[in-house]
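Novice: So that you have it, the file is structure_34.pdb, and it contains PDB, C-alpha atoms and all ligand atoms:
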ATOM      1  CA  MET A   1     -19.636   8.936  12.457
ATOM      2  CA  SER A   2     -19.947  10.444   9.005
ATOM      3  CA  LEU A   3     -16.988  12.207   7.432
ATOM      4  CA  ASP A   4     -16.604  15.969   7.515
ATOM      5  CA  LEU A   5     -15.575  16.779   3.945
ATOM      6  CA  SER A   6     -16.133  20.543   4.237
ATOM      7  CA  LYS A   7     -12.383  21.313   4.083
ATOM      8  CA  VAL A   8     -11.709  18.927   1.182
ATOM      9  CA  ASP A   9     -11.533  20.088  -2.422
ATOM     10  CA  MET A  10     -13.235  17.112  -4.029
ATOM     11  CA  ALA A  11     -11.814  18.071  -7.440
ATOM     12  CA  SER A  12      -8.216  17.453  -6.380
ATOM     13  CA  VAL A  13      -8.312  14.418  -4.171
ATOM     14  CA  PRO A  14      -5.077  12.377  -4.509
ATOM     15  CA  ARG A  15      -5.531   9.641  -7.053
ATOM     16  CA  HIS A  16      -3.205   7.175  -5.336
ATOM     17  CA  ILE A  17      -2.443   7.029  -1.609
ATOM     18  CA  GLY A  18       0.251   4.763  -0.145
ATOM     19  CA  LEU A  19      -0.135   3.680   3.470
ATOM     20  CA  ILE A  20       2.774   2.529   5.609
ATOM     21  CA  LEU A  21       0.884   1.052   8.518
ATOM     22  CA  ASP A  22       3.453   1.453  11.249
ATOM     23  CA  GLY A  23       3.297   1.326  15.026
ATOM     24  CA  ASN A  24       1.125  -1.716  15.712
ATOM     25  CA  GLY A  25       3.735  -3.293  17.980
ATOM     26  CA  ARG A  26       4.261  -0.112  20.016
ATOM     27  CA  TRP A  27       0.499   0.366  20.350
ATOM     28  CA  ALA A  28       0.244  -3.109  21.885
ATOM     29  CA  ASN A  29       3.325  -2.688  24.079
ATOM     30  CA  LYS A  30       1.904   0.477  25.572
ATOM     31  CA  ARG A  31      -1.095  -1.537  26.691
ATOM     32  CA  GLY A  32       0.907  -4.499  28.001
ATOM     33  CA  LEU A  33      -0.462  -6.650  25.160
ATOM     34  CA  PRO A  34       1.408  -8.950  22.770
ATOM     35  CA  ARG A  35       2.507  -7.338  19.475
ATOM     36  CA  THR A  36      -0.035  -9.475  17.636
ATOM     37  CA  ALA A  37      -2.860  -7.605  19.404
ATOM     38  CA  GLY A  38      -1.523  -4.472  17.757
ATOM     39  CA  HIS A  39      -1.829  -6.060  14.321
ATOM     40  CA  LEU A  40      -5.446  -7.009  15.064
ATOM     41  CA  ALA A  41      -6.226  -3.425  16.065
ATOM     42  CA  GLY A  42      -4.390  -2.238  12.949
ATOM     43  CA  GLU A  43      -6.814  -4.173  10.783
ATOM     44  CA  GLU A  44      -9.755  -2.097  12.036
ATOM     45  CA  ALA A  45      -7.806   1.066  11.313
ATOM     46  CA  LEU A  46      -6.994  -0.083   7.780
ATOM     47  CA  PHE A  47     -10.546  -0.887   6.799
ATOM     48  CA  ASP A  48     -11.929   2.261   8.356
ATOM     49  CA  THR A  49      -9.349   4.177   6.298
ATOM     50  CA  VAL A  50     -10.380   2.263   3.163
ATOM     51  CA  GLU A  51     -14.001   3.313   3.749
ATOM     52  CA  GLY A  52     -12.821   6.901   4.071
ATOM     53  CA  ALA A  53     -10.933   6.542   0.784
ATOM     54  CA  LEU A  54     -14.105   5.262  -0.876
ATOM     55  CA  GLU A  55     -16.041   8.241   0.417
ATOM     56  CA  LEU A  56     -13.342  10.636  -0.796
ATOM     57  CA  GLY A  57     -13.289   9.041  -4.243
ATOM     58  CA  VAL A  58      -9.625   8.008  -4.091
ATOM     59  CA  GLU A  59      -8.904   5.647  -7.015
ATOM     60  CA  TRP A  60      -5.955   3.688  -5.622
ATOM     61  CA  VAL A  61      -4.811   2.790  -2.108
ATOM     62  CA  THR A  62      -1.692   0.695  -1.557
ATOM     63  CA  ALA A  63      -1.300  -0.699   1.958
ATOM     64  CA  TYR A  64       2.056  -2.055   3.111
ATOM     65  CA  THR A  65       1.133  -5.199   5.026
ATOM     66  CA  PHE A  66       4.394  -7.196   4.947
ATOM     67  CA  SER A  67       7.802  -6.159   3.692
ATOM     68  CA  THR A  68      10.565  -8.344   2.263
ATOM     69  CA  GLU A  69      12.503  -7.354   5.413
ATOM     70  CA  ASN A  70       9.749  -8.392   7.841
ATOM     71  CA  TRP A  71      10.993 -11.999   7.620
ATOM     72  CA  ASN A  72      13.655 -10.763  10.062
ATOM     73  CA  ARG A  73      11.077 -10.762  12.876
ATOM     74  CA  SER A  74      10.622 -13.645  15.326
ATOM     75  CA  ASP A  75       9.232 -16.905  13.928
ATOM     76  CA  GLU A  76       6.079 -16.397  16.000
ATOM     77  CA  GLU A  77       5.415 -12.919  14.636
ATOM     78  CA  VAL A  78       6.137 -13.941  11.020
ATOM     79  CA  GLU A  79       3.839 -16.927  11.386
ATOM     80  CA  PHE A  80       1.144 -14.714  12.847
ATOM     81  CA  LEU A  81       1.483 -12.151  10.064
ATOM     82  CA  MET A  82       1.249 -14.854   7.391
ATOM     83  CA  TRP A  83      -1.876 -16.285   8.975
ATOM     84  CA  PHE A  84      -3.268 -12.815   9.562
ATOM     85  CA  ASN A  85      -2.771 -11.631   5.987
ATOM     86  CA  GLU A  86      -4.603 -14.710   4.777
ATOM     87  CA  ASP A  87      -7.362 -14.639   7.389
ATOM     88  CA  LEU A  88      -8.045 -10.993   6.683
ATOM     89  CA  LEU A  89      -8.751 -11.830   3.049
ATOM     90  CA  THR A  90     -11.356 -14.430   3.845
ATOM     91  CA  ARG A  91     -13.063 -12.188   6.388
ATOM     92  CA  ARG A  92     -13.001  -8.905   4.449
ATOM     93  CA  ARG A  93     -13.244 -10.088   0.858
ATOM     94  CA  ASP A  94     -17.019 -10.211   0.476
ATOM     95  CA  ASP A  95     -17.513  -6.869   2.212
ATOM     96  CA  LEU A  96     -14.935  -5.197   0.001
ATOM     97  CA  HIS A  97     -16.455  -6.831  -3.056
ATOM     98  CA  ALA A  98     -19.903  -5.504  -2.094
ATOM     99  CA  GLN A  99     -18.382  -2.021  -1.872
ATOM    100  CA  GLY A 100     -16.950  -2.275  -5.380
ATOM    101  CA  VAL A 101     -13.335  -2.636  -4.299
ATOM    102  CA  ARG A 102     -10.882  -4.343  -6.648
ATOM    103  CA  MET A 103      -8.279  -6.241  -4.604
ATOM    104  CA  LEU A 104      -4.750  -6.565  -5.943
ATOM    105  CA  PHE A 105      -1.471  -7.873  -4.569
ATOM    106  CA  ALA A 106       2.026  -6.591  -5.142
ATOM    107  CA  GLY A 107       5.073  -8.478  -3.948
ATOM    108  CA  ASP A 108       7.378 -11.416  -4.497
ATOM    109  CA  MET A 109       4.767 -14.151  -4.644
ATOM    110  CA  ASP A 110       7.277 -16.799  -5.797
ATOM    111  CA  ASP A 111       8.922 -16.771  -2.379
ATOM    112  CA  PRO A 112       8.611 -20.370  -1.108
ATOM    113  CA  ARG A 113       8.174 -19.087   2.465
ATOM    114  CA  ILE A 114       4.677 -17.830   1.592
ATOM    115  CA  PRO A 115       2.213 -20.570   2.589
ATOM    116  CA  GLU A 116       0.228 -22.083  -0.295
ATOM    117  CA  ARG A 117      -3.055 -21.110   1.398
ATOM    118  CA  ASN A 118      -2.137 -17.418   1.243
ATOM    119  CA  ARG A 119      -1.405 -17.701  -2.435
ATOM    120  CA  LYS A 120      -4.751 -19.412  -3.026
ATOM    121  CA  HIS A 121      -6.720 -16.772  -1.117
ATOM    122  CA  MET A 122      -4.941 -13.926  -2.859
ATOM    123  CA  ALA A 123      -5.700 -15.428  -6.272
ATOM    124  CA  GLU A 124      -9.352 -15.960  -5.313
ATOM    125  CA  ALA A 125      -9.770 -12.408  -4.036
ATOM    126  CA  GLU A 126      -8.124 -10.983  -7.140
ATOM    127  CA  GLN A 127     -10.395 -13.014  -9.384
ATOM    128  CA  LEU A 128     -13.607 -12.296  -7.485
ATOM    129  CA  THR A 129     -13.084  -8.539  -7.398
ATOM    130  CA  GLY A 130     -11.231  -8.085 -10.704
ATOM    131  CA  LEU A 131     -13.971  -6.090 -12.433
ATOM    132  CA  ASN A 132     -14.769  -3.742  -9.547
ATOM    133  CA  GLN A 133     -14.182  -0.056 -10.125
ATOM    134  CA  ALA A 134     -14.929   1.928  -6.966
ATOM    135  CA  LEU A 135     -11.376   1.644  -5.599
ATOM    136  CA  ASN A 136      -8.230  -0.325  -6.385
ATOM    137  CA  LEU A 137      -6.890  -1.652  -3.088
ATOM    138  CA  VAL A 138      -3.380  -3.057  -3.358
ATOM    139  CA  PHE A 139      -1.939  -5.168  -0.571
ATOM    140  CA  ALA A 140       1.841  -4.776  -0.692
ATOM    141  CA  PHE A 141       2.578  -8.198   0.721
ATOM    142  CA  ASN A 142       6.092  -9.641   0.776
ATOM    143  CA  TYR A 143       6.780  -6.382  -1.006
ATOM    144  CA  GLY A 144      10.119  -4.676  -1.382
ATOM    145  CA  SER A 145      10.625  -1.930  -3.918
ATOM    146  CA  GLN A 146      14.224  -2.874  -4.606
ATOM    147  CA  ARG A 147      13.207  -6.443  -5.385
ATOM    148  CA  GLU A 148      10.388  -5.182  -7.611
ATOM    149  CA  ILE A 149      12.857  -3.110  -9.630
ATOM    150  CA  VAL A 150      15.344  -6.003  -9.815
ATOM    151  CA  GLU A 151      12.582  -8.328 -11.069
ATOM    152  CA  ALA A 152      11.476  -5.751 -13.634
ATOM    153  CA  THR A 153      15.070  -5.386 -14.809
ATOM    154  CA  ARG A 154      15.425  -9.143 -15.172
ATOM    155  CA  SER A 155      12.238  -9.414 -17.174
ATOM    156  CA  ILE A 156      13.314  -6.541 -19.438
ATOM    157  CA  ALA A 157      16.661  -8.283 -19.996
ATOM    158  CA  ASN A 158      14.774 -11.471 -20.925
ATOM    159  CA  ALA A 159      12.616  -9.562 -23.390
ATOM    160  CA  VAL A 160      15.757  -8.096 -25.005
ATOM    161  CA  LEU A 161      17.418 -11.542 -25.171
ATOM    162  CA  ALA A 162      14.278 -12.986 -26.762
ATOM    163  CA  GLY A 163      14.379 -10.261 -29.380
ATOM    164  CA  GLU A 164      11.040  -8.826 -28.230
ATOM    165  CA  LEU A 165      12.442  -5.498 -27.050
ATOM    166  CA  ASP A 166      15.081  -3.244 -28.501
ATOM    167  CA  LEU A 167      17.712  -1.789 -26.159
ATOM    168  CA  SER A 168      16.874   1.702 -27.381
ATOM    169  CA  ASP A 169      13.237   1.211 -26.334
ATOM    170  CA  ILE A 170      14.096   0.811 -22.646
ATOM    171  CA  ASP A 171      12.800   3.931 -20.941
ATOM    172  CA  GLU A 172      10.695   4.848 -17.906
ATOM    173  CA  SER A 173       7.457   3.621 -19.434
ATOM    174  CA  ALA A 174       9.057   0.308 -20.520
ATOM    175  CA  LEU A 175      10.218  -0.290 -16.957
ATOM    176  CA  GLN A 176       6.790   0.636 -15.584
ATOM    177  CA  LYS A 177       5.261  -2.124 -17.742
ATOM    178  CA  HIS A 178       7.394  -4.715 -15.937
ATOM    179  CA  LEU A 179       6.498  -3.695 -12.393
ATOM    180  CA  TYR A 180       4.183  -5.891 -10.294
ATOM    181  CA  ILE A 181       1.088  -3.882 -11.280
ATOM    182  CA  PRO A 182       1.799  -2.169 -14.599
ATOM    183  CA  ASP A 183      -1.318   0.006 -14.545
ATOM    184  CA  MET A 184      -0.655   1.346 -11.023
ATOM    185  CA  PRO A 185      -0.472   5.164 -11.289
ATOM    186  CA  PRO A 186       2.229   7.201  -9.508
ATOM    187  CA  VAL A 187       1.660   7.673  -5.789
ATOM    188  CA  ASP A 188       0.469  11.169  -4.908
ATOM    189  CA  LEU A 189       0.533  10.901  -1.144
ATOM    190  CA  VAL A 190       2.432   8.560   1.178
ATOM    191  CA  ILE A 191       1.217   8.387   4.758
ATOM    192  CA  ARG A 192       3.420   6.775   7.391
ATOM    193  CA  SER A 193       2.096   6.601  10.907
ATOM    194  CA  SER A 194       4.025   6.165  14.167
ATOM    195  CA  GLY A 195       6.413   9.112  13.853
ATOM    196  CA  GLU A 196       9.028   7.319  11.725
ATOM    197  CA  HIS A 197      10.204   9.300   8.706
ATOM    198  CA  ARG A 198      11.344   6.687   6.228
ATOM    199  CA  LEU A 199      10.113   4.648   3.282
ATOM    200  CA  SER A 200      11.422   1.246   4.401
ATOM    201  CA  ASN A 201      11.605  -0.014   0.796
ATOM    202  CA  PHE A 202       8.030   1.045  -0.107
ATOM    203  CA  LEU A 203       7.162   2.172  -3.670
ATOM    204  CA  LEU A 204      10.515   3.851  -4.366
ATOM    205  CA  TRP A 205       9.792   4.125  -8.089
ATOM    206  CA  GLN A 206       6.107   5.031  -7.816
ATOM    207  CA  ALA A 207       6.610   7.665  -5.094
ATOM    208  CA  ALA A 208       9.188   9.671  -7.079
ATOM    209  CA  TYR A 209       7.029  12.828  -6.820
ATOM    210  CA  ALA A 210       4.786  11.887  -3.896
ATOM    211  CA  GLU A 211       3.983  14.207  -1.028
ATOM    212  CA  PHE A 212       4.749  12.748   2.407
ATOM    213  CA  TYR A 213       2.619  12.962   5.518
ATOM    214  CA  PHE A 214       3.774  11.676   8.874
ATOM    215  CA  PRO A 215       1.054  11.683  11.517
ATOM    216  CA  GLY A 216       2.653  11.084  14.905
ATOM    217  CA  ILE A 217      -0.016   8.579  15.934
ATOM    218  CA  LEU A 218       0.385   4.810  15.977
ATOM    219  CA  TRP A 219      -1.360   2.956  13.155
ATOM    220  CA  PRO A 220      -4.239   1.448  15.227
ATOM    221  CA  ASP A 221      -5.237   5.028  16.143
ATOM    222  CA  PHE A 222      -5.469   6.072  12.484
ATOM    223  CA  ASP A 223      -8.911   6.173  10.851
ATOM    224  CA  ARG A 224     -11.004   7.787   8.106
ATOM    225  CA  HIS A 225     -10.964  11.164   9.880
ATOM    226  CA  ALA A 226      -7.164  11.097  10.053
ATOM    227  CA  LEU A 227      -7.208  10.321   6.320
ATOM    228  CA  VAL A 228      -9.266  13.444   5.664
ATOM    229  CA  ASP A 229      -6.719  15.497   7.678
ATOM    230  CA  ALA A 230      -3.952  14.032   5.506
ATOM    231  CA  VAL A 231      -5.803  14.940   2.304
ATOM    232  CA  VAL A 232      -6.454  18.496   3.512
ATOM    233  CA  GLU A 233      -2.731  18.899   4.273
ATOM    234  CA  TYR A 234      -1.858  17.398   0.867
ATOM    235  CA  GLN A 235      -4.105  19.922  -0.853
ATOM    236  CA  ALA A 236      -2.266  22.780   0.839
ATOM    237  CA  ARG A 237       1.032  21.707  -0.737
ATOM    238  CA  GLU A 238       2.324  22.947  -4.065
ATOM    239  CA  ARG A 239       3.511  20.149  -6.332
ATOM    240  CA  ARG A 240       6.047  21.425  -8.841
ATOM    241  CA  PHE A 241       7.320  18.324 -10.678
ATOM    242  CA  GLY A 242      10.562  20.121 -11.360
ATOM    243  CA  ALA A 243       9.038  23.322 -12.719
ATOM    244  CA  ALA A 244       9.833  26.756 -11.304
ATOM    245  CA  GLU A 245       7.323  28.191  -8.842
ATOM    246  CA  ASP A 246       5.710  30.590 -11.314
ATOM    247  CA  GLN A 247       5.443  27.911 -14.013
ATOM    248  CA  VAL A 248       3.383  25.419 -12.059
ATOM    249  CA  GLN A 249       0.283  24.379 -13.974
ATOM    250  CA  VAL A 250      -2.829  24.622 -11.875
ATOM    251  CA  ASP A 251      -5.708  22.622 -13.297
TER     252      ASP A 251
HETATM  253  C1  LIG A 301       3.542  -2.338  11.338
HETATM  254  O1  LIG A 301       3.632  -2.235  12.719
HETATM  255  C2  LIG A 301       2.898  -3.614  10.906
HETATM  256  C3  LIG A 301       3.742  -4.503  10.124
HETATM  257  C4  LIG A 301       5.019  -4.399   9.902
HETATM  258  C5  LIG A 301       3.055  -5.647   9.555
HETATM  259  P1  LIG A 301       4.938  -2.732  13.442
HETATM  260  O2  LIG A 301       4.749  -4.196  13.773
HETATM  261  O3  LIG A 301       6.133  -2.418  12.649
HETATM  262  O4  LIG A 301       4.888  -1.913  14.769
HETATM  263  P2  LIG A 301       6.120  -1.199  15.487
HETATM  264  O5  LIG A 301       6.777  -0.323  14.476
HETATM  265  O6  LIG A 301       7.025  -2.293  15.962
HETATM  266  O7  LIG A 301       5.504  -0.437  16.606
HETATM  267  C1  LIG A 302       7.431  -1.090   7.280
HETATM  268  O1  LIG A 302       7.404  -1.076   8.658
HETATM  269  C2  LIG A 302       6.760  -2.340   6.760
HETATM  270  C3  LIG A 302       5.307  -2.410   6.911
HETATM  271  C4  LIG A 302       4.551  -1.475   7.413
HETATM  272  C5  LIG A 302       4.693  -3.619   6.438
HETATM  273  P1  LIG A 302       8.605  -1.645   9.537
HETATM  274  O2  LIG A 302       8.225  -1.441  10.946
HETATM  275  O3  LIG A 302       8.913  -3.042   9.121
HETATM  276  O4  LIG A 302       9.820  -0.707   9.097
HETATM  277  P2  LIG A 302      11.183  -0.347   9.863
HETATM  278  O5  LIG A 302      11.862  -1.655  10.173
HETATM  279  O6  LIG A 302      10.818   0.388  11.106
HETATM  280  O7  LIG A 302      11.933   0.511   8.912
HETATM  281 MG    MG A 303       7.410  -0.816  12.600
END
Here is the file; what I need is its structure written in the form of structure tokens.
Ligand code: IPE
Ligand code: IPE
Ligand code: MG

Specialist:
Amino acid sequence: MSLDLSKVDMASVPRHIGLILDGNGRWANKRGLPRTAGHLAGEEALFDTVEGALELGVEWVTAYTFSTENWNRSDEEVEFLMWFNEDLLTRRRDDLHAQGVRMLFAGDMDDPRIPERNRKHMAEAEQLTGLNQALNLVFAFNYGSQREIVEATRSIANAVLAGELDLSDIDESALQKHLYIPDMPPVDLVIRSSGEHRLSNFLLWQAAYAEFYFPGILWPDFDRHALVDAVVEYQARERRFGAAEDQVQVD
């Protein structure tokens, strides 16, 4: 079904959308299926949403596919999610490449618990699609915002110790340069499905001025039409960035 864009102002589509894909397990439970079936259904929802983002002209989408806290799940589920994150790359890579999608990965990739095969497939996908420009699709995999900021801090400290950076030059833009993806723009809109209202360690730095949208549906029920609804709601909000109401710049 083609997208109804009649309510969308195409001149002010969010540049960067963060997706917290939540509710796969509950979706499966409701159907008497194993949690893993929910993750499989969630994959369809993610790629339908990505196609919607392409149609809307969104520049960046960051999808939270595995958090640094998700290791706390059962061995079976963690093993499935590792396999699944890797398998998804091999199955979707060529399609995404054909659509002009640049694939990127943000997370603690030095973690020895990540299987070597995942690392290899992530590197291959990043290399294959590196010059694409239609959409930057970031997989936040083994991602935790607190760890990202700690790693950035450590690398800044190293640069100071090596004499490459002056203490007085440490500011917001210096820290940004040490994040996993230095050219990632701020997040404009964070969408979290499933009715939960929390960030769960997702893009704490990047979402400083994001708008939040919490559709009550479970992630496998999300799709490109739900994305359009989110964008329409986003466009009805007034973003102030600290300015007073009557000072807000409208461009
Ligand atoms: C999100 O769905 C997917 C991942 C964490 C990978 P959940 O698995 O968290 O589903 P619920 O929240 O238990 O329903
Ligand atoms: C956040 O969902 C992580 C991902 C979507 C990958 P969780 O289901 O892990 O978050 P909590 O535990 O409910 O906060
Ligand atoms: Mg969850």

Novice: Which polymer residues have any atom within 9 Å of an atom of range 134-143 of chain A, counting all atoms listed in the file, with same-chain residues fewer than 4 positions away left out, as a PyMOL selection string?

Specialist: chain A and resi 50+53-54+57-71+85+99-109+111+114+147-148+201-203

Novice: With the PyMOL selection byres (((not hetatm)) within 7 of (chain A and resi 301)) as the selection, what would be picked from this file? Answer as a PyMOL selection string, please.

Specialist: chain A and resi 21-27+35+39+65-66+70+81

Novice: Point out the residue among A:Asp183, A:Glu233, A:Glu151, A:Glu172 with the least atom-to-atom distance to Ala208 in chain A, counting all atoms listed in the file.

Specialist: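 Residue with the minimum atom-to-atom distance to Ala208 in chain A: A:Glu172.
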
Novice: In Å, rounded to a single decimal, give me how far CA of Ser145 in chain A is from CA of Glu51 in chain A.

Specialist: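 Distance between the two atoms: 26.3 Å.
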
Novice: With all atoms listed in the file as the counted atoms, please give the residues lying no more than 8 Å from Asp48 in chain A, apart from itself and same-chain residues fewer than 3 positions off, as a PyMOL selection string.

Specialist: chain A and resi 44-45+51-52+223-224

Novice: Find, counting only C-alpha atoms, the residue in A:Gly130, A:Gly216, A:Gly42, A:Pro14 that gets nearest to Arg93 in chain A.

Specialist: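 Of all the options, A:Gly130 lies closest to Arg93 in chain A.
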
Novice: At what distance in Å, to one decimal, does CA of Ala236 in chain A lie from CA of Val187 in chain A?

Specialist: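 These two atoms are separated by 17.0 Å.
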
Novice: So that I can check the surroundings of His121 in chain A, please list as a PyMOL selection string every protein, DNA and RNA residue that reaches within 10 Å of it, counting all atoms listed in the file and ignoring chain neighbours fewer than 4 positions away.

Specialist: chain A and resi 85-90+93+116-117+125-127

Novice: Check the smallest atom-to-atom distance from each of A:Phe222, A:Tyr234, A:Tyr209, A:Tyr180 to Arg192 in chain A using only C-alpha atoms, then report the winner.

Specialist: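 Ranking A:Phe222, A:Tyr234, A:Tyr209, A:Tyr180 by distance to Arg192 in chain A, first place goes to A:Phe222.
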
Novice: Here is a test: counting all atoms listed in the file, which residue of A:Val231, A:Asp166, A:Ala159, A:Leu218 is nearest to Asn29 in chain A?

Specialist: A:Leu218

Novice: Which of these residues is nearest to ligand MG 303 (chain A), using only C-alpha atoms and all ligand atoms: A:Arg31, A:Arg91, A:Arg198, A:Arg119?

Specialist: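 Residue with the minimum atom-to-atom distance to ligand MG 303 (chain A): A:Arg198.
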
Novice: Any chance you could turn range 42-60 of chain A into a file with N, CA, C and O atoms, as a short mmCIF file (atom, residue, chain, number, x, y, z; two decimals), in the first residue's frame?

Specialist:
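And here is the file that came out, part-v8.cif:
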data_model
loop_
_atom_site.label_atom_id
_atom_site.label_comp_id
_atom_site.auth_asym_id
_atom_site.auth_seq_id
_atom_site.Cartn_x
_atom_site.Cartn_y
_atom_site.Cartn_z
N GLY A 42 9.29 -8.61 14.27
CA GLY A 42 9.82 -7.25 14.44
C GLY A 42 10.73 -6.84 13.29
O GLY A 42 10.83 -5.66 12.95
N GLU A 43 11.36 -7.82 12.67
CA GLU A 43 12.23 -7.51 11.53
C GLU A 43 11.41 -6.93 10.37
O GLU A 43 11.79 -5.94 9.76
N GLU A 44 10.28 -7.56 10.08
CA GLU A 44 9.41 -7.06 9.01
C GLU A 44 9.01 -5.61 9.29
O GLU A 44 9.02 -4.75 8.41
N ALA A 45 8.64 -5.38 10.55
CA ALA A 45 8.20 -4.03 10.94
C ALA A 45 9.34 -3.03 10.74
O ALA A 45 9.12 -1.92 10.25
N LEU A 46 10.55 -3.42 11.09
CA LEU A 46 11.69 -2.50 10.97
C LEU A 46 11.92 -2.13 9.51
O LEU A 46 12.07 -0.95 9.17
N PHE A 47 11.92 -3.12 8.63
CA PHE A 47 12.28 -2.79 7.25
C PHE A 47 11.13 -2.11 6.51
O PHE A 47 11.37 -1.33 5.59
N ASP A 48 9.92 -2.36 6.93
CA ASP A 48 8.81 -1.58 6.37
C ASP A 48 8.96 -0.11 6.80
O ASP A 48 8.76 0.81 6.00
N THR A 49 9.32 0.08 8.06
CA THR A 49 9.52 1.44 8.58
C THR A 49 10.67 2.14 7.86
O THR A 49 10.59 3.33 7.54
N VAL A 50 11.73 1.39 7.57
CA VAL A 50 12.88 1.97 6.85
C VAL A 50 12.43 2.42 5.45
O VAL A 50 12.80 3.49 4.98
N GLU A 51 11.59 1.61 4.81
CA GLU A 51 11.09 2.03 3.48
C GLU A 51 10.26 3.30 3.58
O GLU A 51 10.32 4.17 2.72
N GLY A 52 9.49 3.39 4.65
CA GLY A 52 8.70 4.62 4.88
C GLY A 52 9.63 5.82 5.07
O GLY A 52 9.38 6.90 4.55
N ALA A 53 10.72 5.59 5.80
CA ALA A 53 11.68 6.68 6.05
C ALA A 53 12.32 7.13 4.74
O ALA A 53 12.52 8.33 4.51
N LEU A 54 12.59 6.17 3.87
CA LEU A 54 13.15 6.51 2.55
C LEU A 54 12.18 7.37 1.77
O LEU A 54 12.55 8.36 1.15
N GLU A 55 10.91 6.97 1.81
CA GLU A 55 9.89 7.71 1.07
C GLU A 55 9.71 9.13 1.63
O GLU A 55 9.46 10.08 0.88
N LEU A 56 9.84 9.25 2.95
CA LEU A 56 9.69 10.55 3.59
C LEU A 56 10.91 11.45 3.41
O LEU A 56 10.85 12.65 3.65
N GLY A 57 12.03 10.84 3.02
CA GLY A 57 13.26 11.62 2.87
C GLY A 57 13.99 11.87 4.18
O GLY A 57 14.75 12.84 4.30
N VAL A 58 13.76 11.01 5.16
CA VAL A 58 14.51 11.10 6.43
C VAL A 58 15.98 10.78 6.14
O VAL A 58 16.27 9.88 5.36
N GLU A 59 16.90 11.54 6.73
CA GLU A 59 18.33 11.31 6.43
C GLU A 59 18.97 10.23 7.29
O GLU A 59 19.86 9.52 6.85
N TRP A 60 18.54 10.16 8.56
CA TRP A 60 19.15 9.21 9.49
C TRP A 60 18.07 8.46 10.26
O TRP A 60 17.12 9.09 10.76
#
